[in-house]
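Here's structure.pdb, which has PDB, C-alpha atoms:
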```
ATOM      1  CA  MET H   1       1.649  19.740 -64.838
ATOM      2  CA  ALA H   2       4.747  19.344 -62.679
ATOM      3  CA  GLN H   3       3.123  21.212 -59.843
ATOM      4  CA  ARG H   4      -0.011  19.114 -60.137
ATOM      5  CA  ALA H   5       1.990  15.885 -60.123
ATOM      6  CA  GLY H   6       3.902  17.001 -57.034
ATOM      7  CA  ARG H   7       0.848  17.591 -54.884
ATOM      8  CA  PRO H   8       0.630  15.305 -51.861
ATOM      9  CA  THR H   9      -1.864  12.491 -52.126
ATOM     10  CA  LEU H  10      -4.581  12.078 -49.509
ATOM     11  CA  VAL H  11      -4.283   9.222 -47.045
ATOM     12  CA  SER H  12      -7.093   6.730 -47.409
ATOM     13  CA  ALA H  13      -9.740   7.143 -44.727
ATOM     14  CA  ASP H  14      -9.735   3.364 -44.348
ATOM     15  CA  ASP H  15      -6.089   3.302 -43.312
ATOM     16  CA  ALA H  16      -5.489   6.255 -40.959
ATOM     17  CA  PRO H  17      -8.148   6.079 -38.185
ATOM     18  CA  PRO H  18      -7.410   2.536 -36.896
ATOM     19  CA  ALA H  19      -3.751   3.411 -36.250
ATOM     20  CA  ARG H  20      -4.813   6.579 -34.448
ATOM     21  CA  ARG H  21      -7.336   4.762 -32.257
ATOM     22  CA  ASN H  22      -4.820   2.038 -31.464
ATOM     23  CA  ARG H  23      -2.182   4.588 -30.428
ATOM     24  CA  VAL H  24      -4.612   6.438 -28.136
ATOM     25  CA  ASN H  25      -5.715   3.145 -26.586
ATOM     26  CA  LEU H  26      -2.097   2.227 -25.831
ATOM     27  CA  PHE H  27      -1.543   5.613 -24.162
ATOM     28  CA  GLU H  28      -4.588   5.068 -21.922
ATOM     29  CA  LEU H  29      -3.619   1.450 -21.235
ATOM     30  CA  ALA H  30      -0.128   2.511 -20.115
ATOM     31  CA  TYR H  31      -1.635   5.149 -17.815
ATOM     32  CA  GLN H  32      -4.086   2.646 -16.308
ATOM     33  CA  ARG H  33      -1.433  -0.008 -15.669
ATOM     34  CA  ILE H  34       0.972   2.403 -13.996
ATOM     35  CA  GLU H  35      -1.884   3.991 -12.025
ATOM     36  CA  GLU H  36      -2.917   0.560 -10.692
ATOM     37  CA  MET H  37       0.662  -0.211  -9.639
ATOM     38  CA  LEU H  38       0.786   3.136  -7.825
ATOM     39  CA  VAL H  39      -2.454   2.426  -5.958
ATOM     40  CA  ARG H  40      -1.289  -1.062  -4.900
ATOM     41  CA  CYS H  41       2.153   0.358  -3.969
ATOM     42  CA  GLU H  42       3.869  -2.081  -6.319
ATOM     43  CA  LEU H  43       5.545   1.172  -7.267
ATOM     44  CA  ALA H  44       6.469   2.170  -3.734
ATOM     45  CA  PRO H  45       6.328   5.863  -2.786
ATOM     46  CA  GLY H  46       9.837   7.333  -3.002
ATOM     47  CA  ARG H  47      11.194   4.642  -5.342
ATOM     48  CA  PHE H  48      13.628   5.650  -8.081
ATOM     49  CA  LEU H  49      13.431   3.883 -11.437
ATOM     50  CA  ALA H  50      14.056   4.330 -15.146
ATOM     51  CA  MET H  51      11.638   4.611 -18.038
ATOM     52  CA  GLN H  52      12.795   1.180 -19.179
ATOM     53  CA  ASP H  53      11.677  -0.288 -15.842
ATOM     54  CA  LEU H  54       8.138   0.917 -16.479
ATOM     55  CA  GLN H  55       8.246  -0.443 -20.020
ATOM     56  CA  ASP H  56       9.220  -3.843 -18.638
ATOM     57  CA  MET H  57       6.569  -3.738 -15.899
ATOM     58  CA  THR H  58       3.722  -2.698 -18.202
ATOM     59  CA  GLY H  59       4.810  -4.700 -21.234
ATOM     60  CA  LEU H  60       4.312  -1.609 -23.403
ATOM     61  CA  GLY H  61       6.635   0.404 -25.611
ATOM     62  CA  ARG H  62       8.490   3.623 -24.950
ATOM     63  CA  THR H  63       6.014   6.025 -26.584
ATOM     64  CA  PRO H  64       2.859   5.086 -24.608
ATOM     65  CA  VAL H  65       4.840   4.775 -21.364
ATOM     66  CA  HIS H  66       6.516   8.151 -21.947
ATOM     67  CA  HIS H  67       3.098   9.706 -22.580
ATOM     68  CA  ALA H  68       1.674   8.115 -19.398
ATOM     69  CA  VAL H  69       4.640   9.277 -17.311
ATOM     70  CA  ASN H  70       4.154  12.858 -18.488
ATOM     71  CA  ARG H  71       0.490  12.731 -17.434
ATOM     72  CA  LEU H  72       1.334  11.186 -14.071
ATOM     73  CA  ALA H  73       4.017  13.818 -13.536
ATOM     74  CA  ALA H  74       1.394  16.510 -14.211
ATOM     75  CA  ASP H  75      -0.814  14.700 -11.675
ATOM     76  CA  THR H  76       2.086  14.975  -9.141
ATOM     77  CA  LEU H  77       2.184  11.180  -8.801
ATOM     78  CA  ILE H  78       5.586  10.787 -10.501
ATOM     79  CA  VAL H  79       8.537  13.170 -10.270
ATOM     80  CA  ILE H  80      10.814  13.458 -13.310
ATOM     81  CA  ARG H  81      14.412  13.890 -12.114
ATOM     82  CA  PRO H  82      16.606  15.147 -14.982
ATOM     83  CA  ARG H  83      19.705  12.942 -15.349
ATOM     84  CA  HIS H  84      18.436  10.729 -12.500
ATOM     85  CA  GLY H  85      15.373   9.114 -14.061
ATOM     86  CA  LEU H  86      11.992   8.959 -12.353
ATOM     87  CA  GLN H  87      10.822   8.912  -8.764
ATOM     88  CA  ILE H  88       7.454   7.759  -7.488
ATOM     89  CA  ALA H  89       6.301  10.778  -5.487
ATOM     90  CA  PRO H  90       6.613  10.174  -1.731
ATOM     91  CA  ILE H  91       3.394  10.538   0.267
ATOM     92  CA  ASP H  92       3.171  13.710   2.339
ATOM     93  CA  LEU H  93       0.226  13.171   4.686
ATOM     94  CA  ALA H  94      -0.037  16.872   5.579
ATOM     95  CA  ARG H  95      -0.248  17.824   1.888
ATOM     96  CA  GLU H  96      -2.722  15.082   1.071
ATOM     97  CA  ARG H  97      -4.954  16.141   3.956
ATOM     98  CA  VAL H  98      -5.123  19.592   2.347
ATOM     99  CA  LEU H  99      -5.859  17.978  -1.022
ATOM    100  CA  LEU H 100      -8.644  15.989   0.643
ATOM    101  CA  HIS H 101     -10.344  19.289   1.489
ATOM    102  CA  LEU H 102      -9.947  20.317  -2.153
ATOM    103  CA  ARG H 103     -11.466  17.008  -3.237
ATOM    104  CA  ARG H 104     -14.385  17.527  -0.831
ATOM    105  CA  ASP H 105     -15.233  20.893  -2.399
ATOM    106  CA  ILE H 106     -14.918  19.669  -5.995
ATOM    107  CA  GLU H 107     -16.794  16.477  -5.157
ATOM    108  CA  ARG H 108     -19.709  18.484  -3.777
ATOM    109  CA  PHE H 109     -20.021  20.241  -7.124
ATOM    110  CA  VAL H 110     -19.771  16.976  -9.091
ATOM    111  CA  ILE H 111     -22.220  15.095  -6.856
ATOM    112  CA  ARG H 112     -24.745  17.920  -7.098
ATOM    113  CA  LEU H 113     -24.477  17.942 -10.889
ATOM    114  CA  ALA H 114     -24.804  14.160 -11.038
ATOM    115  CA  ALA H 115     -27.923  14.121  -8.844
ATOM    116  CA  GLU H 116     -29.509  16.907 -10.896
ATOM    117  CA  ARG H 117     -28.583  15.555 -14.329
ATOM    118  CA  ALA H 118     -28.630  11.773 -13.939
ATOM    119  CA  GLY H 119     -30.753  10.198 -16.670
ATOM    120  CA  PRO H 120     -32.532   6.828 -16.598
ATOM    121  CA  SER H 121     -29.461   4.937 -17.834
ATOM    122  CA  HIS H 122     -27.170   6.526 -15.206
ATOM    123  CA  ARG H 123     -29.667   5.807 -12.426
ATOM    124  CA  ASN H 124     -30.096   2.211 -13.585
ATOM    125  CA  GLN H 125     -26.306   1.665 -13.488
ATOM    126  CA  MET H 126     -26.042   3.169 -10.004
ATOM    127  CA  LEU H 127     -28.917   1.110  -8.614
ATOM    128  CA  HIS H 128     -27.330  -2.014 -10.094
ATOM    129  CA  MET H 129     -24.002  -1.091  -8.451
ATOM    130  CA  GLU H 130     -25.819  -0.456  -5.170
ATOM    131  CA  ARG H 131     -27.393  -3.936  -5.273
ATOM    132  CA  LEU H 132     -24.034  -5.519  -6.074
ATOM    133  CA  LEU H 133     -22.308  -3.755  -3.163
ATOM    134  CA  ARG H 134     -25.077  -4.747  -0.743
ATOM    135  CA  GLU H 135     -24.935  -8.387  -1.860
ATOM    136  CA  ARG H 136     -21.110  -8.552  -1.703
ATOM    137  CA  ARG H 137     -20.642  -6.162   1.232
ATOM    138  CA  ASP H 138     -19.157  -8.697   3.656
ATOM    139  CA  GLY H 139     -17.021 -10.605   1.168
ATOM    140  CA  LEU H 140     -15.378  -8.002  -1.062
ATOM    141  CA  THR H 141     -11.601  -8.020  -1.212
ATOM    142  CA  LEU H 142      -9.694  -4.741  -1.249
ATOM    143  CA  ALA H 143      -8.720  -5.300  -4.901
ATOM    144  CA  GLU H 144     -12.351  -5.932  -5.878
ATOM    145  CA  PHE H 145     -13.527  -2.889  -3.957
ATOM    146  CA  ASN H 146     -10.947  -0.645  -5.640
ATOM    147  CA  THR H 147     -12.113  -1.887  -9.049
ATOM    148  CA  LEU H 148     -15.742  -1.089  -8.182
ATOM    149  CA  ASP H 149     -14.733   2.232  -6.608
ATOM    150  CA  ARG H 150     -13.119   3.268  -9.894
ATOM    151  CA  ARG H 151     -16.322   2.309 -11.738
ATOM    152  CA  ILE H 152     -18.404   4.363  -9.299
ATOM    153  CA  ASP H 153     -16.204   7.403  -9.921
ATOM    154  CA  GLN H 154     -16.710   6.935 -13.668
ATOM    155  CA  MET H 155     -20.491   6.607 -13.246
ATOM    156  CA  VAL H 156     -20.750   9.783 -11.189
ATOM    157  CA  LEU H 157     -18.647  11.766 -13.646
ATOM    158  CA  ALA H 158     -20.693  10.451 -16.570
ATOM    159  CA  ALA H 159     -23.928  11.457 -14.820
ATOM    160  CA  ALA H 160     -22.494  14.922 -14.060
ATOM    161  CA  GLY H 161     -21.955  15.361 -17.789
ATOM    162  CA  GLU H 162     -18.906  17.639 -17.629
ATOM    163  CA  PRO H 163     -15.788  15.966 -19.126
ATOM    164  CA  PHE H 164     -13.437  18.680 -17.814
ATOM    165  CA  LEU H 165     -13.997  17.459 -14.270
ATOM    166  CA  GLU H 166     -12.423  14.058 -14.944
ATOM    167  CA  HIS H 167      -8.981  15.590 -15.499
ATOM    168  CA  THR H 168      -9.207  17.314 -12.117
ATOM    169  CA  LEU H 169     -10.680  14.497 -10.045
ATOM    170  CA  ARG H 170      -8.938  11.439 -11.490
ATOM    171  CA  PRO H 171      -5.506  12.115  -9.898
ATOM    172  CA  LEU H 172      -7.201  13.019  -6.596
ATOM    173  CA  HIS H 173      -9.106   9.743  -6.651
ATOM    174  CA  THR H 174      -5.838   7.897  -7.325
ATOM    175  CA  LEU H 175      -4.095   9.625  -4.403
ATOM    176  CA  PHE H 176      -6.795   8.656  -1.944
ATOM    177  CA  ARG H 177      -7.312   5.177  -3.323
ATOM    178  CA  ARG H 178      -3.614   4.649  -2.533
ATOM    179  CA  ILE H 179      -4.102   6.087   0.975
ATOM    180  CA  GLY H 180      -6.973   3.647   1.484
ATOM    181  CA  PHE H 181      -4.856   0.743   0.236
ATOM    182  CA  ILE H 182      -2.035   1.558   2.668
ATOM    183  CA  HIS H 183      -4.439   2.050   5.558
ATOM    184  CA  HIS H 184      -6.317  -1.216   5.014
ATOM    185  CA  THR H 185      -3.165  -3.207   4.250
ATOM    186  CA  HIS H 186      -0.651  -1.978   6.825
ATOM    187  CA  MET H 187      -2.462  -0.698   9.897
ATOM    188  CA  ALA H 188      -2.305  -3.188  12.758
ATOM    189  CA  GLU H 189      -6.064  -3.234  13.370
ATOM    190  CA  GLN H 190      -7.645  -3.388   9.962
ATOM    191  CA  PRO H 191     -11.099  -1.805  10.174
ATOM    192  CA  GLY H 192     -12.419  -3.724   7.170
ATOM    193  CA  LEU H 193     -14.269  -2.317   4.195
ATOM    194  CA  ALA H 194     -17.799  -2.139   5.636
ATOM    195  CA  GLY H 195     -17.570   1.529   6.645
ATOM    196  CA  SER H 196     -16.285   2.648   3.256
ATOM    197  CA  ILE H 197     -18.845   0.525   1.410
ATOM    198  CA  ASP H 198     -21.709   1.943   3.484
ATOM    199  CA  HIS H 199     -20.680   5.519   2.652
ATOM    200  CA  HIS H 200     -20.494   4.680  -1.060
ATOM    201  CA  LEU H 201     -23.938   3.063  -0.844
ATOM    202  CA  ALA H 202     -25.378   6.274   0.604
ATOM    203  CA  VAL H 203     -23.889   8.360  -2.221
ATOM    204  CA  LEU H 204     -25.104   5.972  -4.930
ATOM    205  CA  ASN H 205     -28.641   5.757  -3.577
ATOM    206  CA  ALA H 206     -29.002   9.524  -3.181
ATOM    207  CA  ILE H 207     -27.830  10.223  -6.744
ATOM    208  CA  ALA H 208     -29.905   7.397  -8.226
ATOM    209  CA  THR H 209     -33.054   8.704  -6.501
ATOM    210  CA  ARG H 210     -32.127  12.315  -7.364
ATOM    211  CA  HIS H 211     -32.081  13.595  -3.778
ATOM    212  CA  VAL H 212     -29.597  16.401  -4.332
ATOM    213  CA  GLU H 213     -29.017  17.629  -0.771
ATOM    214  CA  ARG H 214     -28.855  14.088   0.594
ATOM    215  CA  ALA H 215     -26.292  13.221  -2.077
ATOM    216  CA  VAL H 216     -24.096  16.190  -1.132
ATOM    217  CA  ALA H 217     -24.367  15.295   2.576
ATOM    218  CA  ALA H 218     -23.444  11.669   1.807
ATOM    219  CA  SER H 219     -20.420  12.871  -0.172
ATOM    220  CA  ASP H 220     -19.275  15.048   2.744
ATOM    221  CA  ALA H 221     -19.694  12.079   5.111
ATOM    222  CA  LEU H 222     -17.538   9.914   2.835
ATOM    223  CA  ILE H 223     -14.757  12.520   2.789
ATOM    224  CA  ALA H 224     -14.954  12.874   6.577
ATOM    225  CA  PHE H 225     -14.622   9.084   6.843
ATOM    226  CA  VAL H 226     -11.481   9.174   4.689
ATOM    227  CA  GLU H 227     -10.048  11.950   6.862
ATOM    228  CA  THR H 228     -10.245   9.730   9.955
ATOM    229  CA  MET H 229      -7.619   7.504   8.327
ATOM    230  CA  PHE H 230      -5.079  10.335   8.418
ATOM    231  CA  ASP H 231      -5.040  10.722  12.221
ATOM    232  CA  GLU H 232      -4.286   7.033  12.693
ATOM    233  CA  MET H 233      -1.709   6.902   9.916
ATOM    234  CA  GLU H 234       0.138  10.008  11.146
ATOM    235  CA  ALA H 235       0.411   8.512  14.632
ATOM    236  CA  ARG H 236       1.174   4.873  13.877
ATOM    237  CA  LEU H 237       2.302   4.190  10.315
ATOM    238  CA  ASP H 238       5.917   3.265   9.542
ATOM    239  CA  PRO H 239       7.325   6.301   7.632
ATOM    240  CA  SER H 240       9.113   4.009   5.184
ATOM    241  CA  LEU H 241       5.711   3.031   3.768
ATOM    242  CA  LEU H 242       5.184   6.660   2.767
ATOM    243  CA  ASP H 243       8.710   7.069   1.385
ATOM    244  CA  CYS H 244      10.783   3.939   0.791
ATOM    245  CA  SER H 245      13.998   6.003   0.875
ATOM    246  CA  VAL H 246      13.424   6.401   4.650
ATOM    247  CA  GLU H 247      15.140   3.551   6.452
ATOM    248  CA  PRO H 248      12.935   1.457   8.776
ATOM    249  CA  LEU H 249      13.718   1.773  12.486
ATOM    250  CA  LEU H 250      14.179  -2.001  12.727
ATOM    251  CA  ALA H 251      15.214  -4.446  10.050
ATOM    252  CA  PRO H 252      12.380  -6.787   9.008
TER     253      PRO H 252
END
```
Do you think you could lay out the structure here as structure tokens?
Amino acid sequence: MAQRAGRPTLVSADDAPPARRNRVNLFELAYQRIEEMLVRCELAPGRFLAMQDLQDMTGLGRTPVHHAVNRLAADTLIVIRPRHGLQIAPIDLARERVLLHLRRDIERFVIRLAAERAGPSHRNQMLHMERLLRERRDGLTLAEFNTLDRRIDQMVLAAAGEPFLEHTLRPLHTLFRRIGFIHHTHMAEQPGLAGSIDHHLAVLNAIATRHVERAVAASDALIAFVETMFDEMEARLDPSLLDCSVEPLLAP
């Protein structure tokens, strides 16, 4: 009887799952908020900060922020410095050019899968996004475009139907969304968003109409367009924008 009385009682199914879902949602929310600050360079490349700083900036507690930081460190977007806190990873244009080639090869695989597997719902979403981009093409802000760009990435991955790919591509998308933000924000002659939008339109239309080879070619053209940003940035961009620990040549 004593043994029977000492057995652990089962947790009610009505109580446990909501707490679990809420905790997972907070982890993802912390990751999203920090990721957005990285893309907009509110967390400047090269900046040192403490975990508490990120808690204050996100408005979230230590556990979800700690979890998000570990993921971002695995994504090579944050560097954990033992006894010195955290550092936002500086941007190395030579390294990120190499990673762009990696993204091109992975993206080809994903785009091909998406064009082959896209169902009616996926195609409907992509055609709706295509119409929206065409209608708003000349008036989209950079912030609005980045929001839609993230949705496009999610649509393509959903159509591809292979969840493993998200963990590989998401940090690459973040890296190059940040490159695009810096290029459009800080280069003296801003080229506007029309070129980038047109390349995304070509990818969306090809996947939605299930033209596999055209979709892969459109993806390659988009990556080649992104690569043109690197030549200009390497030649003309202030190095302190890639690593804030580098002192500007002239005081602002």
Check: Using all atoms listed in the file, which of the listed residues (H:Glu232, H:Asp138, H:Glu213, H:Asp153) sits closest to Asp198 in chain H?
Finding: H:Asp138
So that I can check the surroundings of range 234-247 of chain H, please list as an mmCIF file with C-alpha atoms, in the frame of the given file every protein, DNA and RNA residue that reaches within 6 Å of it, counting only C-alpha atoms and ignoring chain neighbours fewer than 3 positions away.
```
data_model
loop_
_atom_site.group_PDB
_atom_site.id
_atom_site.type_symbol
_atom_site.label_atom_id
_atom_site.label_comp_id
_atom_site.auth_asym_id
_atom_site.auth_seq_id
_atom_site.Cartn_x
_atom_site.Cartn_y
_atom_site.Cartn_z
ATOM 1 C CA PRO H 45 6.328 5.863 -2.786
ATOM 2 C CA GLY H 46 9.837 7.333 -3.002
ATOM 3 C CA PRO H 90 6.613 10.174 -1.731
ATOM 4 C CA ILE H 91 3.394 10.538 0.267
ATOM 5 C CA PHE H 230 -5.079 10.335 8.418
ATOM 6 C CA ASP H 231 -5.040 10.722 12.221
#
```
Note to self: Nearest residue to Leu100 in chain H out of H:His67, H:Phe181, H:Val216, H:Leu172, using only C-alpha atoms?
What the structure shows: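 Once distances to Leu100 in chain H are computed over only C-alpha atoms, the minimum belongs to H:Leu172.
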Next item on the list: Check the smallest atom-to-atom distance from each of H:Leu148, H:Ala217, H:Ala30, H:Val156 to Ser121 in chain H using all atoms listed in the file, then report the winner.
Entry: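 Closest residue, counting all atoms listed in the file: H:Val156.
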Note to self: Residues near Ala50 in chain H, anyone? I mean within 9 Å using all atoms listed in the file, not counting same-chain ones fewer than 6 positions away, as a ChimeraX atom specification.
What the structure shows: /H:84-87
Next item on the list: Please evaluate the PyMOL selection byres ((chain H and resi 229) around 12) against the displayed coordinates and give the resulting residues as a PyMOL selection string.
Entry: chain H and resi 93+96-97+100+176-184+186-187+189-191+195-196+222-228+230-237
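For the choices H:Leu140, H:Ile88, H:Leu157, H:Val79, the atom-to-atom distance to Met37 in chain H is smallest for H:Ile88 when using all atoms listed in the file.
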Next item on the list: Output the residue selection produced by the PyMOL selection byres ((chain H and resi 150) around 12) on the file above, formatted as a VMD selection string.
Entry: chain H and resid 32 35 to 36 39 129 143 to 149 151 to 157 166 169 to 174 176 to 177 200
Checklist line | Ground truth for the PyMOL selection byres ((chain H and resi 52) around 10), written as a PyMOL selection string | finding: chain H and resi 49-51+53-58+60-62+65-66+85
Excluding Arg123 in chain H and residues on its chain fewer than 6 positions from it, collect all residues at most 9 Å away from it, counting only C-alpha atoms, and give them as an mmCIF file with C-alpha atoms, in the frame of the given file.
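Written output follows (part-v5.cif):
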```cif
data_model
loop_
_atom_site.group_PDB
_atom_site.id
_atom_site.type_symbol
_atom_site.label_atom_id
_atom_site.label_comp_id
_atom_site.auth_asym_id
_atom_site.auth_seq_id
_atom_site.Cartn_x
_atom_site.Cartn_y
_atom_site.Cartn_z
ATOM 1 C CA ALA H 159 -23.928 11.457 -14.820
ATOM 2 C CA LEU H 204 -25.104 5.972 -4.930
ATOM 3 C CA ASN H 205 -28.641 5.757 -3.577
ATOM 4 C CA ILE H 207 -27.830 10.223 -6.744
ATOM 5 C CA ALA H 208 -29.905 7.397 -8.226
ATOM 6 C CA THR H 209 -33.054 8.704 -6.501
ATOM 7 C CA ARG H 210 -32.127 12.315 -7.364
#
```
Next item on the list: Could you tell me which of H:Ala218, H:Ile34, H:Leu113, H:Val98 comes closest to Leu165 in chain H if we count all atoms listed in the file?
Entry: H:Leu113
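If you look at CA of His101 in chain H and CA of Gly161 in chain H, they are 22.8 Å away from each other.
Pairwise distance (CA of Ala206 in chain H, CA of Ala118 in chain H) equals 11.0 Å.
The space separating CA of Glu107 in chain H from CA of Ser219 in chain H comes to 7.1 Å.
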Please, could all heavy atoms be added to range 214-223 of chain H and the result written as a JSON list (two decimals), in the frame of the given file?
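As a result, rebuild.json now contains:
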```
[["chain", "number", "residue", "atom", "x", "y", "z"],
["H", 214, "ARG", "N", -29.29, 15.31, -0.08],
["H", 214, "ARG", "CA", -28.86, 14.09, 0.59],
["H", 214, "ARG", "C", -27.59, 13.54, -0.07],
["H", 214, "ARG", "O", -26.71, 13.00, 0.63],
["H", 214, "ARG", "CB", -29.99, 13.06, 0.57],
["H", 214, "ARG", "CG", -29.66, 11.76, 1.32],
["H", 214, "ARG", "CD", -30.91, 11.03, 1.77],
["H", 214, "ARG", "NE", -31.79, 10.68, 0.68],
["H", 214, "ARG", "CZ", -31.67, 9.54, -0.02],
["H", 214, "ARG", "NH1", -30.70, 8.69, 0.24],
["H", 214, "ARG", "NH2", -32.54, 9.28, -0.99],
["H", 215, "ALA", "N", -27.49, 13.69, -1.36],
["H", 215, "ALA", "CA", -26.29, 13.22, -2.08],
["H", 215, "ALA", "C", -25.07, 14.02, -1.65],
["H", 215, "ALA", "O", -23.99, 13.45, -1.41],
["H", 215, "ALA", "CB", -26.50, 13.33, -3.58],
["H", 216, "VAL", "N", -25.22, 15.34, -1.55],
["H", 216, "VAL", "CA", -24.10, 16.19, -1.13],
["H", 216, "VAL", "C", -23.69, 15.86, 0.30],
["H", 216, "VAL", "O", -22.49, 15.76, 0.61],
["H", 216, "VAL", "CB", -24.47, 17.68, -1.27],
["H", 216, "VAL", "CG1", -23.37, 18.57, -0.66],
["H", 216, "VAL", "CG2", -24.69, 18.05, -2.74],
["H", 217, "ALA", "N", -24.68, 15.65, 1.18],
["H", 217, "ALA", "CA", -24.37, 15.30, 2.58],
["H", 217, "ALA", "C", -23.66, 13.95, 2.65],
["H", 217, "ALA", "O", -22.72, 13.76, 3.45],
["H", 217, "ALA", "CB", -25.66, 15.28, 3.41],
["H", 218, "ALA", "N", -24.09, 12.99, 1.82],
["H", 218, "ALA", "CA", -23.44, 11.67, 1.81],
["H", 218, "ALA", "C", -22.01, 11.77, 1.31],
["H", 218, "ALA", "O", -21.11, 11.07, 1.80],
["H", 218, "ALA", "CB", -24.25, 10.71, 0.94],
["H", 219, "SER", "N", -21.78, 12.65, 0.33],
["H", 219, "SER", "CA", -20.42, 12.87, -0.17],
["H", 219, "SER", "C", -19.53, 13.46, 0.92],
["H", 219, "SER", "O", -18.39, 13.03, 1.11],
["H", 219, "SER", "CB", -20.46, 13.79, -1.39],
["H", 219, "SER", "OG", -19.16, 14.08, -1.85],
["H", 220, "ASP", "N", -20.04, 14.46, 1.64],
["H", 220, "ASP", "CA", -19.27, 15.05, 2.74],
["H", 220, "ASP", "C", -18.95, 14.01, 3.81],
["H", 220, "ASP", "O", -17.85, 14.00, 4.38],
["H", 220, "ASP", "CB", -20.07, 16.20, 3.38],
["H", 220, "ASP", "CG", -20.03, 17.47, 2.54],
["H", 220, "ASP", "OD1", -19.28, 17.51, 1.55],
["H", 220, "ASP", "OD2", -20.77, 18.41, 2.88],
["H", 221, "ALA", "N", -19.91, 13.12, 4.10],
["H", 221, "ALA", "CA", -19.69, 12.08, 5.11],
["H", 221, "ALA", "C", -18.61, 11.10, 4.66],
["H", 221, "ALA", "O", -17.79, 10.64, 5.47],
["H", 221, "ALA", "CB", -21.00, 11.34, 5.38],
["H", 222, "LEU", "N", -18.58, 10.80, 3.36],
["H", 222, "LEU", "CA", -17.54, 9.91, 2.84],
["H", 222, "LEU", "C", -16.16, 10.55, 2.99],
["H", 222, "LEU", "O", -15.21, 9.89, 3.42],
["H", 222, "LEU", "CB", -17.82, 9.60, 1.36],
["H", 222, "LEU", "CG", -16.73, 8.83, 0.60],
["H", 222, "LEU", "CD1", -16.44, 7.50, 1.27],
["H", 222, "LEU", "CD2", -17.13, 8.64, -0.86],
["H", 223, "ILE", "N", -16.04, 11.84, 2.66],
["H", 223, "ILE", "CA", -14.76, 12.52, 2.79],
["H", 223, "ILE", "C", -14.33, 12.59, 4.25],
["H", 223, "ILE", "O", -13.15, 12.39, 4.59],
["H", 223, "ILE", "CB", -14.83, 13.93, 2.18],
["H", 223, "ILE", "CG1", -15.14, 13.86, 0.69],
["H", 223, "ILE", "CG2", -13.53, 14.69, 2.42],
["H", 223, "ILE", "CD1", -14.13, 13.12, -0.15]]
```
